[in-house]
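Enquirer: One structure, pasted below without further comment.
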Amino acid sequence: MTRDPGTRLLKRKSAYLGPAVLAGLCLLVHWQSFTAWFRADDFAWLGVGLHVQDFHDLMRALFSPQAQGTIRPWSERAFFMAGFSLFGLDALPFRVVVFATQFVNLWLVMALGERLSGSRAAGFCAALLWMVHGSMVEPLGWTCVYNQVLCALFLLGALRFLVRYTETGRRRYLVAQWAAFLVGFGALELNAVYPLLAAGYTWLCARKYFRGTLPLFIPSLAYVVLHHAVAPFARSGDYAMHFTGSMLRTAGTYWTWSVGPVFLWSPFVLPSWVLPAGVALLTAGLALFLAGKLRGGGAQAALFGPLWYAVTLLPVLPLRDHVTEYYVYLPLIGICWLAGWALVESWKSRGAVRWVAVALALVYAAMAVPQVVAASQWNHRIAARVRNLVEGVAGAHELHPDKSILLEGVDTDLFWNGVLDRPFRLIGADRVYLAPGSEQAIATHSDLGEIGDYILPADVTAQALERDEVVVYDVRGSRLRNITSLYAQRPLDRKLPLRVDAGSPLEGYLMGPEWYAVDTDHRWMPRRATLRMGAPPAAGMKLYLHGQCPTALLRGGPLGVTLTVDGMALPAASIHPGESAFELAFALPADVVGRPEMQIAVEVSRTFIPPGDPRQLGLAFGVFEVR
Amino acid sequence: MTKAFRATGWLACALSVILLFAPLGCKRRKVRAQATVEEAPGLASTIHLGDPRMAAQIVSGLYGVENGAWRWSARRFAVVLRPPAGSAQKGAILRVKLTVPPVIAEREKSVTLTAAVAKSPLPPETYSKAGDYTFQRDVPANLLTGSDPVRVDFELDKALAPSDADSRELGVVVLAIGLESK
């Protein structure tokens, strides 16, 4: 090792250069992601701390299973809660954190790539190949996918500390590895595979440390058992696990999305064979390089890339019905280590091999980069529309704080990205609805939600317009436009609604005199209460009641609920202890089919009087819906 | 090498910390409220579909403005119009400026447009070639009561189904729809 200060300085500078260039390129390629606003699920996470009042609420908000039973306190709960409380709906600080994490990830990929291949250039190429891939778009451009970026940080960080431990034997690296591994469980469930990576690395590259990695399996197994006990695997729906031959098909799909562009899609119109041919060429190139390395002997490290890919992809393979582009974000690192190594080693060789490698790299870039640009632009465009909507509603709410807001002109993209997760509650505008008829312009995704839950029925709209309780805004332009007076002139269908939200002040005219006043978003009934609503247009429909039953009311056992429709008593139902959030369904009698309206009377078998409240309370509603 | 990597690690960490705390200077308001357009638009008898201010009179089935001049329709579309002066006595003329694009004409051979004013259907018209057309129909006075807005529903017998190339159902290109005095 040289002691010359000039050489040392040069080396140090070159050590900074790679990460700095990678960070700069990352910003350049993903600038549209860096400047993207929030959309869709982001709003659900931004609102996770809205109801935190005390330490118990905070613990629940941080650690209770949510959204498909996930428990990700650092990457989702704490990240969004802290970010929203500090910066509100300013997306830039969130993006800065995401990109800063990614810069560190790129450096770690480069550093580990160098350790595996023995070449700094190979490490740099690996990070570069990873960075330009389409699977990067959502983790960098959609805030709620930060869990992937943070998980990469913990996995790569832990592995980096393990490598340093095997190189130096210093215990502090071992401790740091354990710390990164254990903290990583708060980022993403995928962290549980780390012991396999650690064991794989030591087996291939530092065999004498292999036994030392075995204790890592204990926390992982404990985590899997505990997680399964708290949030069991889904048995139906998109997140159900299918341990069948479909895993091979899913693996095949992910392979094409890893070596080629995600969704095997290009913004260019290409003959259908082009992208599969590109994937085949790159697969062959990687396979030949790996085979060459193994045949030559002494290069077991080359196997670690494919091992990383398989291990980090394995947990998502049973999700047959939830194949997602960013699921290859982490596995791809392994392939990029191999590809970076192959590219640099081929470049060093003489003859045709060098140019074949360059050609394959160009094929990869030609498939990946246009897809990244197009997907980033799409994400940015949608997020900008959502921002326009949310900030416009904020402006409207400032002007009309006591009125409900009706949105006209919401289309499919805007609804699923900017309305579904109720972003308006984050700005204190709780009563924002879609105009009647909006469902005609919005494509349905029943797995994500019901559009009807967001639409104000035509009769309710007409009543609210007459009482001057609602302002109507057209969202189709660059700024929200108040069209209330014009909208009020439109002929509206005055049939009573088939869905009545008892918690909405706008629908109070449908409620009988027995009901108490609205409490925030619900309305309490005494022992008996009545309401009017639309009758079923066809036979075989049911009336669904949604609401909350206080625990105090269920202490005496099941609560009887009886219903009469136009004076006809329906078979009684009951709410059992533990069913605080209830849904009851009543088959409607054929006699009421086609009537212009029907009178509903609900009665409960007992009531209670809460401390400090003189009211006799039955159930808190909720929604009455015919469907 | 080790020192170089350590230095790089420190650089990355420092960069992360700087980036992490950089936004602390940002305003801490929950959201930036955007100004809305509050002036009340009047109801027009004729709407030019390239004019975004007219969007409020579109009830359904007409997509966003394209080239600042027109909108694609779905198979069914509807608008609200103000009856022109005197139409309650003399009736009015419903006039729709539209284009049947080549892609529709080639694929569907012909396309028939039907209109209904206040739910009363008017005679349909069939177009078998691509080109610009004006759909024009007399509207009886009894369908137009004073200044009350009237809803006009349109229906095509065929439209292009949503596809990978365009997720929208596409009918014809519409430039203007209006009720004019006789």
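Every chain in the structure tokens takes a letter, A first, then B, and so on in the order presented; its residues are numbered from 1, and the ligands are numbered from 1 following the presented order.
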Quick one: which chain A residues come within 7 Å of chain B, and what is the nearest atom pair for each with the distance in Å to one decimal, counting only C-alpha atoms, rows ordered by chain and ascending number, as a Markdown table?

Expert:
| residue | atom | partner | partner_atom | distance |
| --- | --- | --- | --- | --- |
| A:Lys11 | CA | B:Ala4 | CA | 6.9 |
| A:Arg12 | CA | B:Ala4 | CA | 5.0 |
| A:Ala15 | CA | B:Ala4 | CA | 5.5 |
| A:Tyr16 | CA | B:Thr8 | CA | 5.3 |
| A:Leu86 | CA | B:Arg28 | CA | 6.3 |
| A:Phe87 | CA | B:Arg28 | CA | 5.0 |
| A:Gly88 | CA | B:Lys30 | CA | 3.8 |
| A:Leu89 | CA | B:Val31 | CA | 5.1 |
| A:Asp90 | CA | B:Val31 | CA | 6.8 |
| A:Pro93 | CA | B:Pro23 | CA | 5.4 |
| A:Val96 | CA | B:Leu19 | CA | 6.0 |
| A:Val97 | CA | B:Leu20 | CA | 5.8 |
| A:Ala100 | CA | B:Ser16 | CA | 4.9 |
| A:Val104 | CA | B:Ala12 | CA | 5.9 |
| A:Glu391 | CA | B:Ala33 | CA | 4.8 |
| A:Gly392 | CA | B:Gln34 | CA | 4.8 |
| A:Ala394 | CA | B:Ala33 | CA | 4.8 |
| A:Gly395 | CA | B:Ala33 | CA | 4.5 |
| A:Ala396 | CA | B:Thr36 | CA | 6.5 |
| A:Ile427 | CA | B:Lys30 | CA | 6.7 |
| A:Asp474 | CA | B:Ala56 | CA | 6.3 |
| A:Gly477 | CA | B:Pro52 | CA | 6.3 |
| A:Arg479 | CA | B:Thr36 | CA | 5.9 |
| A:Leu480 | CA | B:Thr36 | CA | 5.1 |
| A:Arg481 | CA | B:Val37 | CA | 4.5 |
| A:Asn482 | CA | B:Glu38 | CA | 4.9 |
| A:Ile483 | CA | B:Ala40 | CA | 6.1 |
| A:Ser485 | CA | B:Ala40 | CA | 6.5 |
| A:Leu486 | CA | B:Leu43 | CA | 6.1 |
| A:Gln489 | CA | B:Pro149 | CA | 6.2 |
| A:Arg490 | CA | B:Pro149 | CA | 6.2 |

Enquirer: So which bits of stretch 364-421 of chain A end up helix (DSSP H, G or I) when you DSSP the backbone, as a ChimeraX atom specification?

Expert: /A:364-399,412-418

Enquirer: With only C-alpha atoms as the counted atoms, please give the residues lying no more than 8 Å from stretch 372-389 of chain A, apart from itself and same-chain residues fewer than 4 positions off, as a list in words.

Expert: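 The residues that qualify are Val29, His30, Gln32, Ser33, Thr35, Ala36, Trp37, Phe38, Arg39, Val132, His133, Gly134, Met136, Val137, Gly141, Trp142, Pro267, Ala368, Val393, Asp413, Leu414, Asn417, Gly418, Val475, Ser478, Arg479 and Leu480 of chain A; Gln34 of chain B.
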
Enquirer: From the list B:Asp157, B:Asp164, B:Glu66, B:Glu125, which residue is nearest B:Ile104 when using only C-alpha atoms?

Expert: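 Of the candidates, the smallest distance to B:Ile104 is held by B:Asp157.
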
Enquirer: For the atom pair atom CA of A:Phe624 and atom CA of A:Ser446, what is the interatomic distance in Å to one decimal place?

Expert: 19.3 Å

Enquirer: List every residue of chain B that DSSP, applied to the backbone of this structure, assigns to strand (DSSP E or B), and report them as a PyMOL selection string.

Expert: chain B and resi 37+46-48+58-66+70-81+92-100+111-117+120-121+125-127+131-139+150-156+160+170+173-181

Enquirer: Please list as a count of residues only every residue within 12 Å of A:Ala198, counting only C-alpha atoms and excluding residues in the same chain fewer than 6 positions away.

Expert: 34

Enquirer: Name the closest residue to A:Leu448 among the candidates A:Val602, A:Asn105, A:Val358, A:Gly237; distances are taken between atoms, counting only C-alpha atoms.

Expert: A:Gly237

Enquirer: Please list as a compact mmCIF listing (two decimals) with all heavy atoms, in the first residue's frame every residue within 12 Å of A:Gly285, counting only C-alpha atoms and excluding residues in the same chain fewer than 2 positions away.

Expert:
# COMPACT_ATOMS: atom_id res chain seq x y z
N VAL A 259 -34.96 -8.57 -16.43
CA VAL A 259 -33.93 -8.42 -17.47
C VAL A 259 -34.40 -7.42 -18.53
O VAL A 259 -33.61 -6.69 -19.11
CB VAL A 259 -33.61 -9.79 -18.11
CG1 VAL A 259 -32.54 -9.66 -19.14
CG2 VAL A 259 -33.19 -10.77 -17.02
N GLY A 278 -34.97 -9.46 -26.80
CA GLY A 278 -34.01 -8.75 -25.96
C GLY A 278 -33.80 -9.46 -24.63
O GLY A 278 -32.66 -9.62 -24.16
N VAL A 279 -34.90 -9.90 -24.03
CA VAL A 279 -34.82 -10.62 -22.75
C VAL A 279 -34.02 -11.92 -22.94
O VAL A 279 -33.16 -12.26 -22.11
CB VAL A 279 -36.24 -10.92 -22.22
CG1 VAL A 279 -36.20 -11.90 -21.06
CG2 VAL A 279 -36.92 -9.63 -21.79
N ALA A 280 -34.29 -12.61 -24.04
CA ALA A 280 -33.60 -13.88 -24.30
C ALA A 280 -32.10 -13.66 -24.48
O ALA A 280 -31.27 -14.41 -23.94
CB ALA A 280 -34.19 -14.55 -25.54
N LEU A 281 -31.73 -12.61 -25.22
CA LEU A 281 -30.31 -12.32 -25.44
C LEU A 281 -29.59 -12.02 -24.14
O LEU A 281 -28.50 -12.53 -23.87
CB LEU A 281 -30.17 -11.12 -26.39
CG LEU A 281 -30.42 -11.39 -27.87
CD1 LEU A 281 -30.42 -10.08 -28.65
CD2 LEU A 281 -29.32 -12.31 -28.42
N LEU A 282 -30.22 -11.19 -23.31
CA LEU A 282 -29.59 -10.81 -22.03
C LEU A 282 -29.50 -12.02 -21.10
O LEU A 282 -28.50 -12.19 -20.39
CB LEU A 282 -30.38 -9.68 -21.37
CG LEU A 282 -30.24 -8.33 -22.09
CD1 LEU A 282 -31.30 -7.35 -21.64
CD2 LEU A 282 -28.85 -7.74 -21.84
N THR A 283 -30.55 -12.85 -21.12
CA THR A 283 -30.53 -14.06 -20.28
C THR A 283 -29.38 -14.96 -20.71
O THR A 283 -28.62 -15.48 -19.87
CB THR A 283 -31.87 -14.81 -20.41
OG1 THR A 283 -32.92 -13.91 -20.07
CG2 THR A 283 -31.93 -16.02 -19.49
N ALA A 287 -26.15 -16.04 -18.49
CA ALA A 287 -25.94 -17.47 -18.23
C ALA A 287 -24.54 -17.89 -18.69
O ALA A 287 -23.84 -18.64 -17.99
CB ALA A 287 -27.01 -18.30 -18.95
N LEU A 288 -24.12 -17.39 -19.85
CA LEU A 288 -22.79 -17.74 -20.37
C LEU A 288 -21.69 -17.22 -19.45
O LEU A 288 -20.71 -17.91 -19.17
CB LEU A 288 -22.60 -17.17 -21.79
CG LEU A 288 -23.31 -17.95 -22.89
CD1 LEU A 288 -23.23 -17.20 -24.21
CD2 LEU A 288 -22.69 -19.36 -23.03
N PHE A 289 -21.86 -15.98 -18.97
CA PHE A 289 -20.86 -15.40 -18.08
C PHE A 289 -20.77 -16.21 -16.79
O PHE A 289 -19.67 -16.54 -16.32
CB PHE A 289 -21.21 -13.95 -17.76
CG PHE A 289 -20.28 -13.34 -16.76
CD1 PHE A 289 -18.98 -12.97 -17.11
CD2 PHE A 289 -20.69 -13.13 -15.45
CE1 PHE A 289 -18.12 -12.43 -16.17
CE2 PHE A 289 -19.82 -12.59 -14.51
CZ PHE A 289 -18.53 -12.23 -14.87
N LEU A 290 -21.95 -16.54 -16.22
CA LEU A 290 -21.97 -17.29 -14.96
C LEU A 290 -21.32 -18.67 -15.15
O LEU A 290 -20.51 -19.11 -14.32
CB LEU A 290 -23.41 -17.44 -14.46
CG LEU A 290 -23.60 -18.12 -13.12
CD1 LEU A 290 -22.92 -17.34 -12.01
CD2 LEU A 290 -25.09 -18.28 -12.80
N ALA A 291 -21.68 -19.31 -16.26
CA ALA A 291 -21.12 -20.65 -16.53
C ALA A 291 -19.60 -20.55 -16.68
O ALA A 291 -18.85 -21.40 -16.15
CB ALA A 291 -21.74 -21.22 -17.81
N GLY A 292 -19.14 -19.53 -17.37
CA GLY A 292 -17.71 -19.33 -17.55
C GLY A 292 -17.00 -19.13 -16.23
O GLY A 292 -15.92 -19.69 -15.99
N ILE A 335 -28.98 -9.50 -9.89
CA ILE A 335 -28.71 -9.64 -11.32
C ILE A 335 -27.75 -8.54 -11.78
O ILE A 335 -26.88 -8.77 -12.62
CB ILE A 335 -30.04 -9.58 -12.12
CG1 ILE A 335 -30.96 -10.73 -11.70
CG2 ILE A 335 -29.80 -9.64 -13.62
CD1 ILE A 335 -30.33 -12.10 -11.83
N LEU A 338 -24.15 -9.30 -11.06
CA LEU A 338 -23.61 -10.24 -12.05
C LEU A 338 -23.38 -9.54 -13.39
O LEU A 338 -22.33 -9.71 -14.03
CB LEU A 338 -24.58 -11.42 -12.21
CG LEU A 338 -24.09 -12.61 -13.01
CD1 LEU A 338 -22.93 -13.29 -12.30
CD2 LEU A 338 -25.21 -13.64 -13.24
N ALA A 339 -24.37 -8.72 -13.79
CA ALA A 339 -24.28 -8.06 -15.09
C ALA A 339 -23.15 -7.03 -15.11
O ALA A 339 -22.42 -6.92 -16.12
CB ALA A 339 -25.61 -7.39 -15.42
N GLY A 340 -22.99 -6.29 -14.01
CA GLY A 340 -21.90 -5.31 -13.94
C GLY A 340 -20.55 -5.97 -14.05
O GLY A 340 -19.65 -5.51 -14.76
N TRP A 341 -20.42 -7.08 -13.34
CA TRP A 341 -19.19 -7.87 -13.38
C TRP A 341 -18.93 -8.37 -14.81
O TRP A 341 -17.81 -8.25 -15.33
CB TRP A 341 -19.35 -9.04 -12.39
CG TRP A 341 -18.10 -9.79 -12.10
CD1 TRP A 341 -16.89 -9.68 -12.68
CD2 TRP A 341 -17.97 -10.79 -11.08
NE1 TRP A 341 -15.99 -10.55 -12.12
CE2 TRP A 341 -16.63 -11.25 -11.12
CE3 TRP A 341 -18.83 -11.37 -10.15
CZ2 TRP A 341 -16.16 -12.25 -10.28
CZ3 TRP A 341 -18.36 -12.35 -9.32
CH2 TRP A 341 -17.03 -12.78 -9.36
N ALA A 342 -19.99 -8.91 -15.42
CA ALA A 342 -19.86 -9.44 -16.79
C ALA A 342 -19.44 -8.34 -17.76
O ALA A 342 -18.55 -8.54 -18.61
CB ALA A 342 -21.19 -10.05 -17.22
N LEU A 343 -20.03 -7.19 -17.62
CA LEU A 343 -19.76 -6.09 -18.54
C LEU A 343 -18.29 -5.66 -18.44
O LEU A 343 -17.60 -5.52 -19.46
CB LEU A 343 -20.69 -4.92 -18.20
CG LEU A 343 -20.67 -3.71 -19.13
CD1 LEU A 343 -21.02 -4.12 -20.56
CD2 LEU A 343 -21.64 -2.65 -18.64
N SER A 346 -15.85 -8.47 -19.55
CA SER A 346 -15.86 -8.63 -21.01
C SER A 346 -15.13 -7.46 -21.68
O SER A 346 -14.45 -7.63 -22.69
CB SER A 346 -17.30 -8.68 -21.52
OG SER A 346 -18.01 -9.68 -20.86
N VAL A 353 -15.86 -10.43 -27.77
CA VAL A 353 -16.58 -10.51 -26.49
C VAL A 353 -16.88 -9.12 -25.95
O VAL A 353 -17.97 -8.84 -25.45
CB VAL A 353 -15.76 -11.33 -25.47
CG1 VAL A 353 -16.44 -11.35 -24.11
CG2 VAL A 353 -15.57 -12.74 -25.99
N ARG A 354 -15.87 -8.25 -26.06
CA ARG A 354 -16.04 -6.88 -25.57
C ARG A 354 -17.26 -6.23 -26.23
O ARG A 354 -18.10 -5.62 -25.56
CB ARG A 354 -14.77 -6.09 -25.90
CG ARG A 354 -14.94 -4.61 -25.73
CD ARG A 354 -13.72 -3.87 -26.22
NE ARG A 354 -12.60 -4.00 -25.32
CZ ARG A 354 -11.53 -3.21 -25.34
NH1 ARG A 354 -11.45 -2.26 -26.26
NH2 ARG A 354 -10.54 -3.36 -24.50
N VAL A 356 -19.74 -7.64 -27.90
CA VAL A 356 -21.00 -8.33 -27.58
C VAL A 356 -21.56 -7.81 -26.25
O VAL A 356 -22.75 -7.52 -26.12
CB VAL A 356 -20.79 -9.86 -27.50
CG1 VAL A 356 -22.01 -10.56 -26.90
CG2 VAL A 356 -20.50 -10.42 -28.90
N ALA A 357 -20.65 -7.65 -25.27
CA ALA A 357 -21.09 -7.15 -23.96
C ALA A 357 -21.64 -5.73 -24.07
O ALA A 357 -22.68 -5.41 -23.48
CB ALA A 357 -19.92 -7.19 -22.98
N VAL A 358 -20.95 -4.90 -24.84
CA VAL A 358 -21.43 -3.52 -25.01
C VAL A 358 -22.80 -3.53 -25.71
O VAL A 358 -23.71 -2.79 -25.32
CB VAL A 358 -20.40 -2.70 -25.83
CG1 VAL A 358 -20.99 -1.35 -26.23
CG2 VAL A 358 -19.13 -2.50 -25.02
N ALA A 359 -22.93 -4.38 -26.71
CA ALA A 359 -24.21 -4.46 -27.43
C ALA A 359 -25.33 -4.89 -26.48
O ALA A 359 -26.44 -4.34 -26.51
CB ALA A 359 -24.09 -5.45 -28.59
N LEU A 360 -25.04 -5.86 -25.61
CA LEU A 360 -26.07 -6.33 -24.67
C LEU A 360 -26.44 -5.22 -23.67
O LEU A 360 -27.61 -5.06 -23.32
CB LEU A 360 -25.59 -7.57 -23.93
CG LEU A 360 -25.54 -8.86 -24.76
CD1 LEU A 360 -24.97 -10.01 -23.94
CD2 LEU A 360 -26.93 -9.23 -25.28
N ALA A 361 -25.43 -4.47 -23.24
CA ALA A 361 -25.71 -3.36 -22.32
C ALA A 361 -26.61 -2.33 -23.01
O ALA A 361 -27.53 -1.78 -22.39
CB ALA A 361 -24.41 -2.71 -21.86
N VAL A 363 -28.70 -2.98 -25.44
CA VAL A 363 -30.05 -3.59 -25.56
C VAL A 363 -30.82 -3.37 -24.26
O VAL A 363 -31.99 -2.98 -24.26
CB VAL A 363 -29.92 -5.10 -25.87
CG1 VAL A 363 -31.26 -5.81 -25.67
CG2 VAL A 363 -29.43 -5.31 -27.30
N TYR A 364 -30.13 -3.60 -23.14
CA TYR A 364 -30.76 -3.42 -21.83
C TYR A 364 -31.21 -1.96 -21.66
O TYR A 364 -32.36 -1.68 -21.27
CB TYR A 364 -29.77 -3.81 -20.73
CG TYR A 364 -30.25 -3.52 -19.33
CD1 TYR A 364 -31.10 -4.40 -18.66
CD2 TYR A 364 -29.86 -2.37 -18.65
CE1 TYR A 364 -31.54 -4.14 -17.37
CE2 TYR A 364 -30.28 -2.10 -17.36
CZ TYR A 364 -31.13 -2.99 -16.72
OH TYR A 364 -31.55 -2.73 -15.45

Enquirer: Tell me which protein, DNA and RNA residues are within 7 Å of stretch 99-103 of chain B, counting only C-alpha atoms, leaving out same-chain ones fewer than 4 positions away, and put them as a list of chain:residue names.

Expert: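 Close residues of stretch 99-103 of chain B: B:Arg107, B:Ala130, B:Gly131, B:Asp132, B:Tyr133, B:Val172, B:Val173, B:Val174.
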
Enquirer: Which one is closest to B:Gln89: B:Arg75, B:Arg137, B:Lys182, B:Lys158? Count only C-alpha atoms.

Expert: B:Lys182

Enquirer: So what do you get for atom CA of A:Gly449 versus atom CA of A:Val472, distance-wise?

Expert: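 Computing it gives 23.6 Å between the two atoms.
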
Enquirer: Please provide as number ranges by chain all residues within 12 Å of A:Phe621, with the sequence filter that same-chain residues fewer than 3 positions apart are discarded (counting only C-alpha atoms).

Expert: A: 500-504, 511, 515-526, 529, 531, 544-550, 580-584, 602, 617-618, 624-625

Enquirer: Go ahead and write the selection's residues with N, CA, C and O atoms as a CSV table (one decimal), in the first residue's frame.

Expert:
chain,number,residue,atom,x,y,z
A,500,VAL,N,-78.4,5.8,2.1
A,500,VAL,CA,-78.5,7.0,3.0
A,500,VAL,C,-77.4,6.9,4.0
A,500,VAL,O,-77.3,5.9,4.7
A,501,ASP,N,-76.6,8.0,4.0
A,501,ASP,CA,-75.6,8.1,5.0
A,501,ASP,C,-76.1,8.9,6.2
A,501,ASP,O,-76.3,10.1,6.2
A,502,ALA,N,-76.4,8.2,7.3
A,502,ALA,CA,-77.1,8.9,8.5
A,502,ALA,C,-76.1,9.9,9.1
A,502,ALA,O,-76.6,10.8,9.8
A,503,GLY,N,-74.8,9.7,8.8
A,503,GLY,CA,-73.8,10.6,9.4
A,503,GLY,C,-73.6,11.9,8.6
A,503,GLY,O,-72.9,12.8,9.0
A,504,SER,N,-74.3,12.0,7.5
A,504,SER,CA,-74.2,13.2,6.7
A,504,SER,C,-75.3,14.3,7.0
A,504,SER,O,-76.5,13.9,6.9
A,511,MET,N,-84.1,11.6,7.6
A,511,MET,CA,-84.2,11.0,8.9
A,511,MET,C,-85.4,11.4,9.7
A,511,MET,O,-85.8,12.6,9.6
A,515,TRP,N,-84.1,10.7,15.7
A,515,TRP,CA,-82.6,10.7,15.7
A,515,TRP,C,-82.0,11.9,16.4
A,515,TRP,O,-82.5,13.0,16.4
A,516,TYR,N,-80.8,11.6,17.0
A,516,TYR,CA,-80.0,12.7,17.6
A,516,TYR,C,-79.3,13.4,16.5
A,516,TYR,O,-79.2,12.9,15.4
A,517,ALA,N,-78.7,14.6,16.8
A,517,ALA,CA,-77.9,15.3,15.8
A,517,ALA,C,-76.7,14.6,15.4
A,517,ALA,O,-76.2,13.7,16.1
A,518,VAL,N,-76.1,14.9,14.2
A,518,VAL,CA,-74.9,14.3,13.7
A,518,VAL,C,-73.7,14.5,14.7
A,518,VAL,O,-73.5,15.7,15.1
A,519,ASP,N,-73.0,13.5,15.0
A,519,ASP,CA,-71.7,13.6,15.8
A,519,ASP,C,-70.6,13.3,14.8
A,519,ASP,O,-70.3,12.2,14.4
A,520,THR,N,-69.9,14.4,14.3
A,520,THR,CA,-68.8,14.3,13.4
A,520,THR,C,-69.2,13.5,12.1
A,520,THR,O,-69.6,14.1,11.1
A,521,ASP,N,-69.1,12.2,12.1
A,521,ASP,CA,-69.5,11.4,10.9
A,521,ASP,C,-70.5,10.3,11.2
A,521,ASP,O,-70.6,9.4,10.4
A,522,HIS,N,-71.2,10.4,12.3
A,522,HIS,CA,-72.2,9.4,12.6
A,522,HIS,C,-73.4,10.0,13.3
A,522,HIS,O,-73.3,11.1,13.7
A,523,ARG,N,-74.4,9.2,13.5
A,523,ARG,CA,-75.6,9.7,14.1
A,523,ARG,C,-76.2,8.7,15.0
A,523,ARG,O,-76.4,7.5,14.6
A,524,TRP,N,-76.4,9.0,16.3
A,524,TRP,CA,-76.9,8.0,17.2
A,524,TRP,C,-78.4,7.9,17.1
A,524,TRP,O,-79.1,8.9,16.9
A,525,MET,N,-79.0,6.7,17.3
A,525,MET,CA,-80.4,6.5,17.4
A,525,MET,C,-80.8,6.3,18.9
A,525,MET,O,-79.9,5.8,19.7
A,526,PRO,N,-82.0,6.6,19.3
A,526,PRO,CA,-82.5,6.2,20.6
A,526,PRO,C,-82.9,4.7,20.5
A,526,PRO,O,-82.4,4.0,19.6
A,529,ALA,N,-85.9,4.4,15.8
A,529,ALA,CA,-85.7,5.6,14.9
A,529,ALA,C,-86.2,5.2,13.5
A,529,ALA,O,-86.2,4.1,13.1
A,531,LEU,N,-86.6,6.4,9.1
A,531,LEU,CA,-86.0,7.2,8.0
A,531,LEU,C,-86.8,6.8,6.7
A,531,LEU,O,-87.5,5.8,6.7
A,544,TYR,N,-78.9,-3.2,3.7
A,544,TYR,CA,-77.7,-3.3,4.5
A,544,TYR,C,-77.6,-2.2,5.5
A,544,TYR,O,-77.7,-1.0,5.1
A,545,LEU,N,-77.4,-2.5,6.7
A,545,LEU,CA,-77.2,-1.5,7.8
A,545,LEU,C,-75.7,-1.6,8.3
A,545,LEU,O,-75.2,-2.6,8.7
A,546,HIS,N,-75.0,-0.4,8.2
A,546,HIS,CA,-73.6,-0.4,8.7
A,546,HIS,C,-73.6,0.6,9.8
A,546,HIS,O,-74.1,1.7,9.7
A,547,GLY,N,-72.9,0.3,10.9
A,547,GLY,CA,-72.7,1.2,12.0
A,547,GLY,C,-71.8,0.7,13.0
A,547,GLY,O,-71.1,-0.3,12.8
A,548,GLN,N,-71.9,1.3,14.2
A,548,GLN,CA,-71.1,0.9,15.3
A,548,GLN,C,-72.0,0.6,16.5
A,548,GLN,O,-72.9,1.4,16.8
A,549,CYS,N,-71.7,-0.4,17.2
A,549,CYS,CA,-72.4,-0.8,18.4
A,549,CYS,C,-71.5,-0.6,19.6
A,549,CYS,O,-70.5,-1.3,19.6
A,550,PRO,N,-71.8,0.2,20.6
A,550,PRO,CA,-70.8,0.4,21.7
A,550,PRO,C,-70.7,-0.9,22.5
A,550,PRO,O,-71.6,-1.6,22.7
A,580,SER,N,-68.5,-4.9,17.3
A,580,SER,CA,-68.7,-3.4,17.4
A,580,SER,C,-69.0,-2.7,16.1
A,580,SER,O,-69.9,-2.0,16.0
A,581,ALA,N,-68.2,-3.0,15.1
A,581,ALA,CA,-68.5,-2.5,13.8
A,581,ALA,C,-69.4,-3.5,13.1
A,581,ALA,O,-68.9,-4.6,12.8
A,582,PHE,N,-70.6,-3.2,12.9
A,582,PHE,CA,-71.5,-4.2,12.4
A,582,PHE,C,-72.0,-4.0,11.0
A,582,PHE,O,-72.0,-2.8,10.5
A,583,GLU,N,-72.4,-5.0,10.3
A,583,GLU,CA,-73.1,-4.9,9.0
A,583,GLU,C,-74.3,-6.0,9.1
A,583,GLU,O,-74.0,-7.2,9.3
A,584,LEU,N,-75.5,-5.5,9.1
A,584,LEU,CA,-76.6,-6.4,9.1
A,584,LEU,C,-77.3,-6.3,7.7
A,584,LEU,O,-77.4,-5.3,7.1
A,602,VAL,N,-86.1,1.3,12.7
A,602,VAL,CA,-85.2,0.4,13.3
A,602,VAL,C,-85.4,0.5,14.8
A,602,VAL,O,-85.6,1.6,15.4
A,617,LEU,N,-78.8,5.9,24.3
A,617,LEU,CA,-78.2,5.6,23.0
A,617,LEU,C,-78.5,4.2,22.6
A,617,LEU,O,-78.3,3.3,23.5
A,618,GLY,N,-78.8,4.0,21.4
A,618,GLY,CA,-78.9,2.7,20.8
A,618,GLY,C,-77.7,2.4,20.0
A,618,GLY,O,-76.6,2.1,20.5
A,624,PHE,N,-77.3,3.2,5.5
A,624,PHE,CA,-78.4,2.3,5.1
A,624,PHE,C,-78.3,2.2,3.5
A,624,PHE,O,-78.4,3.2,2.8
A,625,GLU,N,-78.3,1.0,3.0
A,625,GLU,CA,-78.1,0.8,1.6
A,625,GLU,C,-78.9,-0.3,1.0
A,625,GLU,O,-78.8,-1.4,1.6

Enquirer: Of the candidates B:Glu155, B:Ala176, B:Leu49, B:Pro84, which shows the shortest atom-to-atom distance to B:Asn67, using only C-alpha atoms?

Expert: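 So, comparing all the options, the nearest one is B:Leu49.
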
Enquirer: When you count only C-alpha atoms, which of these residues is closest to A:Leu317: A:Pro423, A:Gly567, A:Gly252, A:Gly540?

Expert: A:Gly252
